[in-house]
file coords-v4.csv (CSV, C-alpha atoms)
chain,number,residue,atom,x,y,z
A,81,MET,CA,-82.0,-74.5,92.4
A,82,VAL,CA,-79.8,-72.7,94.9
A,83,SER,CA,-79.7,-74.4,98.3
A,84,PRO,CA,-80.2,-72.2,101.4
A,85,GLY,CA,-77.2,-71.8,103.8
A,86,ILE,CA,-75.1,-69.7,105.9
A,87,LEU,CA,-71.8,-68.6,104.4
A,88,LEU,CA,-68.8,-67.3,106.3
A,89,VAL,CA,-66.8,-64.7,104.3
A,90,ASP,CA,-63.5,-62.9,105.2
A,91,LYS,CA,-64.1,-59.4,104.0
A,92,PRO,CA,-61.0,-57.5,102.8
A,93,GLY,CA,-60.4,-53.9,103.4
A,94,GLY,CA,-61.5,-51.3,100.9
A,95,ILE,CA,-64.9,-52.8,100.0
A,96,THR,CA,-68.3,-52.5,101.7
A,97,SER,CA,-70.3,-55.3,103.2
A,98,HIS,CA,-72.9,-54.6,100.4
A,99,ASP,CA,-70.1,-55.3,97.9
A,100,VAL,CA,-69.6,-58.8,99.5
A,101,VAL,CA,-73.4,-59.4,99.3
A,102,SER,CA,-73.4,-58.4,95.6
A,103,ARG,CA,-70.5,-60.8,94.9
A,104,THR,CA,-72.2,-63.6,96.7
A,105,ARG,CA,-75.4,-63.0,94.7
A,106,ARG,CA,-73.4,-63.4,91.5
A,107,ALA,CA,-71.4,-66.4,92.7
A,108,PHE,CA,-74.5,-68.3,93.9
A,109,GLY,CA,-76.9,-67.1,91.2
A,110,THR,CA,-79.6,-65.7,93.5
A,111,ARG,CA,-80.8,-62.3,94.6
A,112,LYS,CA,-81.9,-63.5,98.1
A,113,VAL,CA,-78.7,-62.8,100.1
A,114,GLY,CA,-78.2,-60.8,103.3
A,115,HIS,CA,-75.7,-60.4,106.1
A,116,ALA,CA,-75.7,-60.4,109.9
A,117,GLY,CA,-74.0,-57.1,110.7
A,118,THR,CA,-72.1,-54.5,108.6
A,119,LEU,CA,-68.3,-54.0,108.6
A,120,ASP,CA,-67.0,-50.6,107.6
A,121,PRO,CA,-65.0,-50.4,104.4
A,122,MET,CA,-61.8,-50.0,106.4
A,123,ALA,CA,-62.5,-53.1,108.5
A,124,THR,CA,-61.7,-56.6,107.6
A,125,GLY,CA,-62.9,-60.0,108.9
A,126,LEU,CA,-66.0,-62.1,109.4
A,127,LEU,CA,-69.2,-61.4,107.6
A,128,VAL,CA,-72.0,-64.0,108.2
A,129,ILE,CA,-74.0,-64.2,105.0
A,130,GLY,CA,-77.4,-65.8,104.6
A,131,ILE,CA,-78.4,-67.4,101.3
A,132,GLU,CA,-82.0,-68.0,100.1
A,133,GLY,CA,-84.3,-69.2,103.0
A,134,ALA,CA,-81.4,-69.1,105.4
A,135,THR,CA,-81.6,-65.3,105.4
A,136,ARG,CA,-84.4,-65.9,108.0
A,137,LEU,CA,-81.7,-67.2,110.4
A,138,LEU,CA,-79.8,-63.9,110.3
A,139,THR,CA,-82.3,-62.4,112.9
A,140,TYR,CA,-81.0,-65.0,115.4
A,141,ILE,CA,-77.3,-64.3,114.6
A,142,VAL,CA,-77.1,-60.5,114.3
A,143,GLY,CA,-77.4,-60.0,118.1
A,144,ALA,CA,-74.6,-62.4,118.9
A,145,ASP,CA,-71.5,-61.2,120.8
A,146,LYS,CA,-68.4,-60.5,118.8
A,147,THR,CA,-64.6,-60.4,118.9
A,148,TYR,CA,-62.4,-57.8,117.3
A,149,THR,CA,-58.7,-57.1,117.0
A,150,ALA,CA,-57.8,-53.5,116.5
A,151,THR,CA,-55.1,-50.9,116.6
A,152,ILE,CA,-55.9,-47.7,118.5
A,153,ARG,CA,-53.7,-44.7,117.8
A,154,LEU,CA,-53.4,-42.4,120.8
A,155,GLY,CA,-52.4,-38.8,120.2
A,156,ALA,CA,-54.8,-37.6,117.5
A,157,THR,CA,-58.5,-37.4,116.9
A,158,THR,CA,-60.4,-37.5,113.5
A,159,SER,CA,-63.8,-36.6,112.3
A,160,THR,CA,-64.8,-40.3,112.0
A,161,ASP,CA,-62.9,-41.7,115.0
A,162,ASP,CA,-60.9,-43.8,112.5
A,163,ALA,CA,-58.1,-43.3,110.0
A,164,GLU,CA,-60.4,-42.5,107.1
A,165,GLY,CA,-61.6,-39.2,108.7
A,166,GLU,CA,-60.1,-35.7,108.6
A,167,PRO,CA,-57.6,-35.0,111.4
A,168,LEU,CA,-59.0,-32.7,114.1
A,169,THR,CA,-56.6,-32.5,117.0
A,170,THR,CA,-53.0,-33.6,117.7
A,171,ALA,CA,-51.6,-34.0,121.2
A,172,ASN,CA,-48.3,-32.4,122.2
A,173,ALA,CA,-45.2,-34.3,123.1
A,174,ALA,CA,-45.5,-33.6,126.9
A,175,ALA,CA,-49.1,-35.0,127.0
A,176,LEU,CA,-48.0,-38.1,125.1
A,177,ALA,CA,-45.0,-38.7,127.4
A,178,ALA,CA,-47.4,-38.7,130.4
A,179,VAL,CA,-49.3,-41.6,129.0
A,180,SER,CA,-48.0,-44.5,131.1
A,181,ASP,CA,-48.9,-48.1,130.9
A,182,GLU,CA,-50.6,-47.8,134.2
A,183,ARG,CA,-52.8,-44.9,132.9
A,184,ILE,CA,-53.7,-46.9,129.8
A,185,ALA,CA,-54.6,-49.9,132.0
A,186,ALA,CA,-56.9,-47.7,134.1
A,187,GLY,CA,-58.5,-46.2,131.0
A,188,VAL,CA,-59.1,-49.7,129.5
A,189,ALA,CA,-60.5,-51.0,132.8
A,190,ALA,CA,-63.0,-48.0,132.9
A,191,LEU,CA,-64.3,-49.1,129.4
A,192,THR,CA,-64.7,-52.8,130.4
A,193,GLY,CA,-67.9,-54.3,131.6
A,194,ALA,CA,-71.4,-52.9,131.3
A,195,ILE,CA,-70.8,-49.3,130.0
A,196,SER,CA,-72.8,-46.4,128.5
A,197,GLN,CA,-71.4,-45.7,125.0
A,198,ILE,CA,-72.2,-42.9,122.6
A,199,PRO,CA,-71.8,-44.4,119.1
A,200,SER,CA,-69.6,-42.7,116.6
A,201,ALA,CA,-71.5,-40.0,114.6
A,202,VAL,CA,-70.3,-41.7,111.4
A,203,SER,CA,-72.3,-44.9,112.0
A,204,ALA,CA,-75.2,-46.8,110.3
A,205,ILE,CA,-77.7,-45.8,113.1
A,206,LYS,CA,-80.7,-44.1,111.6
A,207,VAL,CA,-81.6,-40.6,112.7
A,208,GLU,CA,-85.1,-39.6,111.6
A,209,GLY,CA,-85.0,-42.2,108.8
A,210,ARG,CA,-81.5,-41.4,107.5
A,211,ARG,CA,-78.2,-43.1,108.4
A,212,ALA,CA,-76.1,-41.0,110.7
A,213,TYR,CA,-73.1,-41.2,108.3
A,214,ASP,CA,-75.2,-39.8,105.5
A,215,ARG,CA,-76.1,-36.8,107.6
A,216,VAL,CA,-72.5,-36.2,108.6
A,217,ARG,CA,-71.3,-36.4,105.0
A,218,ALA,CA,-74.0,-33.9,104.1
A,219,GLY,CA,-72.4,-31.5,106.6
A,220,GLU,CA,-75.1,-31.9,109.3
A,221,SER,CA,-74.3,-32.1,113.0
A,222,VAL,CA,-75.3,-35.4,114.5
A,223,GLU,CA,-75.6,-36.3,118.2
A,224,LEU,CA,-76.5,-39.9,119.0
A,225,ALA,CA,-78.0,-41.1,122.2
A,226,ALA,CA,-75.8,-43.2,124.6
A,227,ARG,CA,-76.6,-46.9,124.7
A,228,GLN,CA,-75.8,-49.6,127.1
A,229,VAL,CA,-73.3,-52.2,125.8
A,230,THR,CA,-71.1,-54.8,127.4
A,231,VAL,CA,-67.4,-55.1,126.8
A,232,SER,CA,-66.4,-58.4,128.4
A,233,ARG,CA,-62.8,-58.2,127.4
A,234,PHE,CA,-60.7,-55.2,126.4
A,235,ALA,CA,-57.0,-56.2,126.5
A,236,VAL,CA,-53.9,-54.5,125.3
A,237,LEU,CA,-51.7,-57.0,123.4
A,238,ARG,CA,-48.9,-54.6,122.5
A,239,ARG,CA,-47.9,-51.0,122.9
A,240,ARG,CA,-45.8,-49.3,120.2
A,241,ASP,CA,-44.4,-45.8,120.6
A,242,VAL,CA,-44.3,-44.3,117.1
A,243,ASP,CA,-43.4,-40.8,115.9
A,244,GLY,CA,-45.9,-38.4,117.6
A,245,ALA,CA,-48.3,-41.1,118.7
A,246,ILE,CA,-48.8,-44.3,120.7
A,247,ASP,CA,-50.3,-47.4,118.9
A,248,LEU,CA,-52.1,-50.0,121.0
A,249,ASP,CA,-52.9,-53.4,119.5
A,250,VAL,CA,-56.0,-54.6,121.3
A,251,VAL,CA,-58.5,-57.4,121.4
A,252,VAL,CA,-62.1,-56.8,122.4
A,253,ASP,CA,-65.0,-59.2,123.2
A,254,CYS,CA,-68.3,-57.3,123.2
A,255,SER,CA,-72.0,-57.3,122.9
A,256,SER,CA,-73.7,-56.6,119.6
A,257,GLY,CA,-74.0,-52.8,119.0
A,258,THR,CA,-70.6,-51.9,120.5
A,259,TYR,CA,-68.5,-49.5,118.5
A,260,ILE,CA,-64.8,-50.2,118.6
A,261,ARG,CA,-64.2,-46.7,117.1
A,262,ALA,CA,-66.0,-45.3,120.1
A,263,LEU,CA,-63.7,-47.2,122.5
A,264,ALA,CA,-60.7,-45.7,120.7
A,265,ARG,CA,-62.2,-42.2,120.9
A,266,ASP,CA,-63.2,-42.6,124.6
A,267,LEU,CA,-59.9,-44.1,125.7
A,268,GLY,CA,-58.0,-41.3,124.0
A,269,ALA,CA,-60.3,-38.7,125.6
A,270,ASP,CA,-59.8,-40.3,129.1
A,271,LEU,CA,-56.0,-40.1,128.6
A,272,GLY,CA,-56.2,-36.4,127.5
A,273,VAL,CA,-54.5,-37.1,124.1
A,274,GLY,CA,-57.3,-38.1,121.8
A,275,GLY,CA,-57.6,-41.4,120.0
A,276,HIS,CA,-58.9,-43.0,116.9
A,277,LEU,CA,-58.8,-46.4,115.2
A,278,THR,CA,-56.3,-47.3,112.5
A,279,ALA,CA,-57.1,-51.0,112.0
A,280,LEU,CA,-60.1,-53.2,112.8
A,281,ARG,CA,-60.7,-56.9,112.2
A,282,ARG,CA,-63.7,-58.9,113.3
A,283,THR,CA,-62.6,-62.4,114.1
A,284,ARG,CA,-65.8,-63.9,115.6
A,285,VAL,CA,-69.6,-63.6,115.5
A,286,GLY,CA,-71.2,-65.8,118.2
A,287,PRO,CA,-70.0,-69.4,117.4
A,288,PHE,CA,-68.7,-68.5,114.0
A,289,ASP,CA,-64.9,-67.8,113.5
A,290,VAL,CA,-63.1,-66.0,110.7
A,291,ALA,CA,-60.7,-69.0,110.6
A,292,ASP,CA,-63.5,-70.9,108.9
A,293,ALA,CA,-64.4,-68.1,106.4
A,294,VAL,CA,-63.7,-68.0,102.7
A,295,PRO,CA,-62.0,-65.1,100.9
A,296,VAL,CA,-64.1,-63.1,98.5
A,297,ASP,CA,-62.1,-64.4,95.6
A,298,GLY,CA,-63.1,-67.9,96.7
A,299,LEU,CA,-66.9,-67.5,96.6
A,300,ALA,CA,-67.4,-69.4,93.4
A,301,ASP,CA,-66.1,-72.6,95.1
A,302,ALA,CA,-67.4,-71.9,98.6
A,303,THR,CA,-69.7,-74.3,100.5
A,304,ALA,CA,-72.3,-72.8,102.9
A,305,LEU,CA,-73.3,-74.3,106.2
A,306,SER,CA,-76.7,-76.0,106.0
A,307,PRO,CA,-79.5,-74.1,107.8
A,308,ALA,CA,-79.7,-76.9,110.4
A,309,GLU,CA,-75.9,-76.9,111.1
A,310,ALA,CA,-75.8,-73.1,111.4
A,311,ALA,CA,-79.0,-72.9,113.6
A,312,ALA,CA,-77.7,-75.6,115.9
A,313,ARG,CA,-74.5,-73.7,116.5
A,314,VAL,CA,-76.4,-70.5,117.5
A,315,LEU,CA,-79.4,-72.0,119.3
A,316,ALA,CA,-80.2,-75.1,121.4
A,317,ARG,CA,-81.1,-78.1,119.2
A,318,LEU,CA,-84.4,-79.9,119.4
A,319,ASP,CA,-84.7,-83.2,117.4
A,320,VAL,CA,-88.3,-83.8,116.3
A,321,THR,CA,-90.1,-86.8,114.8
A,322,GLY,CA,-91.5,-86.7,111.3
A,323,ASP,CA,-95.0,-86.2,112.7
A,324,GLU,CA,-93.8,-83.4,115.0
A,325,ALA,CA,-92.0,-81.7,112.1
A,326,ARG,CA,-95.2,-81.8,110.0
A,327,ASP,CA,-97.2,-80.3,112.9
A,328,LEU,CA,-94.8,-77.5,113.3
A,329,ARG,CA,-94.7,-76.7,109.6
A,330,HIS,CA,-98.6,-76.6,109.7
A,331,GLY,CA,-98.5,-74.1,112.6
A,332,LYS,CA,-99.5,-76.6,115.3
A,333,ARG,CA,-98.1,-76.7,118.8
A,334,LEU,CA,-96.1,-79.5,120.4
A,335,VAL,CA,-98.4,-79.8,123.4
A,336,GLY,CA,-96.6,-80.1,126.8
A,337,GLN,CA,-93.2,-80.4,125.2
A,338,ALA,CA,-91.4,-77.2,126.3
A,339,ALA,CA,-89.5,-79.1,129.0
A,340,ARG,CA,-87.6,-81.0,126.3
A,341,VAL,CA,-85.3,-78.0,125.6
A,342,ALA,CA,-83.1,-76.5,128.2
A,343,ALA,CA,-82.9,-73.1,126.4
A,344,LEU,CA,-85.3,-71.4,124.1
A,345,PRO,CA,-85.6,-70.4,121.3
A,346,ALA,CA,-84.4,-73.7,119.8
A,347,ALA,CA,-83.7,-75.1,116.3
A,348,ALA,CA,-86.2,-77.9,115.5
A,349,ILE,CA,-84.5,-80.4,113.3
A,350,ASP,CA,-86.3,-83.3,111.5
A,351,PRO,CA,-85.1,-86.9,111.2
A,352,ASP,CA,-83.6,-86.1,107.8
A,353,GLY,CA,-81.4,-83.4,109.3
A,354,ALA,CA,-83.3,-80.5,107.8
A,355,LEU,CA,-84.2,-77.4,109.8
A,356,VAL,CA,-87.9,-77.3,110.4
A,357,GLY,CA,-87.8,-73.9,112.0
A,358,ILE,CA,-87.2,-72.0,115.3
A,359,VAL,CA,-89.5,-72.9,118.2
A,360,GLU,CA,-90.4,-70.8,121.2
A,361,ARG,CA,-92.3,-71.6,124.4
A,362,ARG,CA,-96.0,-71.0,124.6
A,363,GLY,CA,-96.8,-71.9,128.2
A,364,ALA,CA,-95.9,-75.6,128.5
A,365,ASP,CA,-96.1,-76.0,124.7
A,366,LEU,CA,-93.6,-75.4,121.8
A,367,LYS,CA,-94.7,-73.4,118.8
A,368,SER,CA,-92.8,-72.3,115.7
A,369,ALA,CA,-91.7,-68.7,115.7
A,370,MET,CA,-90.2,-69.1,112.2
A,371,ASN,CA,-90.5,-71.9,109.7
A,372,MET,CA,-88.0,-72.7,107.1
A,373,PRO,CA,-89.2,-73.5,103.5
A,374,GLU,CA,-89.3,-77.2,103.3
A,375,GLU,CA,-86.3,-78.6,101.4
A,376,ALA,CA,-86.8,-80.5,98.2
A,377,ARG,CA,-86.1,-84.3,98.6
call {"tool": "encode", "arguments": {"input": "coords-v4.csv", "output": "structure tokens"}}
result
Amino acid sequence: MVSPGILLVDKPGGITSHDVVSRTRRAFGTRKVGHAGTLDPMATGLLVIGIEGATRLLTYIVGADKTYTATIRLGATTSTDDAEGEPLTTANAAALAAVSDERIAAGVAALTGAISQIPSAVSAIKVEGRRAYDRVRAGESVELAARQVTVSRFAVLRRRDVDGAIDLDVVVDCSSGTYIRALARDLGADLGVGGHLTALRRTRVGPFDVADAVPVDGLADATALSPAEAAARVLARLDVTGDEARDLRHGKRLVGQAARVAALPAAAIDPDGALVGIVERRGADLKSAMNMPEEAR
């Protein structure tokens, strides 16, 4: 029997997130596998994978903030806002020469903090039931609504002046739902030269770091985090007695116990170290919002 768990995988470029899910299914011998947030085929880095009952935890991970490293090329735009798209415009030499470090810093500052961002048209957002990227590839024009996102850090690590362009190596800390391709597009537009993404790597999802991830060719020997360990990293931890664990699993409330946890929702963990489920406040009580399947002893 396959044990539930959360697996951290370092996705290489050139394959889809679904490819990683498929390989994980084969490696672990189960169909019940999901992930907490897609990476484009061009992108590399951290995919958080749920296996068996731990897929229920992905709901609590997908909205976590994230860190990316990326390379933004100033001086050209593409149809997809990244290097995989068709070239659309190219800036002239005079416009590029006018892009000073000070102007870049001002443009980056304007895209830092709480901002309104229009996602790239080539995204996984659904428009009338179909993914935006499917509509674009079918030749349709797609206009997505702006959304509020938070970019808590947008820092230029290095500037490289290359032939006919400027490459910026950057690091971004952001809320879930932020499109780094859109940051590249918007920075280039602000500077009047256009911009797109040439490299993207996700290095962190909430408390999970790519340094702890396994490569896709190491899946057969990979060890997943237990549901309890993973949940306690993402949420507050509530240690419960055997009786309390039984009550939560049977849908009963822990009466008057909400004050036991500083932050909610919380991961309820039984005396054996197993994750009972995720509890939420109901007045002064605690009640399971999600129960894990009870692990075999």
call {"tool": "closest_residue", "arguments": {"input": "coords-v4.csv", "among": "A:Leu334, A:Asp292, A:Ala312, A:Thr321", "to": "Leu355 in chain A", "atoms": "all atoms listed in the file"}}
result
A:Ala312
call {"tool": "atom_distance", "arguments": {"input": "coords-v4.csv", "atom1": "CA of Arg227 in chain A", "atom2": "CA of Ile198 in chain A"}}
result
6.3 Å
call {"tool": "closest_residue", "arguments": {"input": "coords-v4.csv", "among": "A:Ala300, A:Val236, A:Ala156, A:Ala134", "to": "Thr104 in chain A", "atoms": "only C-alpha atoms"}}
result
A:Ala300
call {"tool": "atom_distance", "arguments": {"input": "coords-v4.csv", "atom1": "CA of Ala163 in chain A", "atom2": "CA of Ile129 in chain A"}}
result
26.7 Å
call {"tool": "residues_around", "arguments": {"input": "coords-v4.csv", "residues": "Gly187 in chain A", "least_positions_apart": "5", "cutoff": "8 Å", "atoms": "only C-alpha atoms", "output": "number ranges by chain"}}
result
A: 267, 270-271
call {"tool": "closest_residue", "arguments": {"input": "coords-v4.csv", "among": "A:Ala189, A:Gly257, A:Pro167, A:Glu360", "to": "Ala116 in chain A", "atoms": "all atoms listed in the file"}}
result
A:Gly257
call {"tool": "residues_around", "arguments": {"input": "coords-v4.csv", "residues": "Thr110 in chain A", "least_positions_apart": "6", "cutoff": "9 Å", "atoms": "all atoms listed in the file", "output": "PyMOL selection string"}}
result
chain A and resi 82+104+131-132
call {"tool": "residues_around", "arguments": {"input": "coords-v4.csv", "residues": "Val100 in chain A", "least_positions_apart": "5", "cutoff": "12 Å", "atoms": "only C-alpha atoms", "output": "MDAnalysis selection string"}}
result
chainID A and resid 87:95 105:107 113:115 118:121 124:130 294:299
call {"tool": "closest_residue", "arguments": {"input": "coords-v4.csv", "among": "A:Asp161, A:Glu223, A:Asp253, A:Asp145", "to": "Gly193 in chain A", "atoms": "only C-alpha atoms"}}
result
A:Asp253
call {"tool": "closest_residue", "arguments": {"input": "coords-v4.csv", "among": "A:His330, A:Arg281, A:Arg317, A:Arg153", "to": "Arg240 in chain A", "atoms": "only C-alpha atoms"}}
result
A:Arg153
call {"tool": "closest_residue", "arguments": {"input": "coords-v4.csv", "among": "A:Gly331, A:Gly143, A:Gly165, A:Gly244", "to": "Val273 in chain A", "atoms": "all atoms listed in the file"}}
result
A:Gly244
call {"tool": "residues_near_point", "arguments": {"input": "coords-v4.csv", "point": "(-97.1, -78.7, 119.6)", "cutoff": "10 Å", "atoms": "all atoms listed in the file", "output": "MDAnalysis selection string"}}
result
chainID A and resid 324:325 327:328 331:338 359 361:362 364:368
call {"tool": "atom_distance", "arguments": {"input": "coords-v4.csv", "atom1": "CA of Asp301 in chain A", "atom2": "CA of Thr135 in chain A"}}
result
20.0 Å
call {"tool": "residues_near_point", "arguments": {"input": "coords-v4.csv", "point": "(-49.8, -33.4, 123.2)", "cutoff": "9 Å", "atoms": "all atoms listed in the file", "output": "PyMOL selection string"}}
result
chain A and resi 155-156+170-177+244+272-274
call {"tool": "residues_around", "arguments": {"input": "coords-v4.csv", "residues": "Thr147 in chain A", "least_positions_apart": "3", "cutoff": "8 Å", "atoms": "all atoms listed in the file", "output": "list in words"}}
result
Val251, Val252, Asp253, Cys254, Arg282, Thr283, Arg284 and Val285 of chain A
call {"tool": "residues_around", "arguments": {"input": "coords-v4.csv", "residues": "Ile260 in chain A", "least_positions_apart": "5", "cutoff": "9 Å", "atoms": "all atoms listed in the file", "output": "PyMOL selection string"}}
result
chain A and resi 148+150+252+265+277+280
call {"tool": "write_last_selection", "arguments": {"input": "coords-v4.csv", "atoms": "C-alpha atoms", "output": "PDB file, in the frame of the given file"}}
result
ATOM      1  CA  TYR A 148     -62.400 -57.800 117.300  1.00  0.00           C
ATOM      2  CA  ALA A 150     -57.800 -53.500 116.500  1.00  0.00           C
ATOM      3  CA  VAL A 252     -62.100 -56.800 122.400  1.00  0.00           C
ATOM      4  CA  ARG A 265     -62.200 -42.200 120.900  1.00  0.00           C
ATOM      5  CA  LEU A 277     -58.800 -46.400 115.200  1.00  0.00           C
ATOM      6  CA  LEU A 280     -60.100 -53.200 112.800  1.00  0.00           C
TER       7      LEU A 280
END
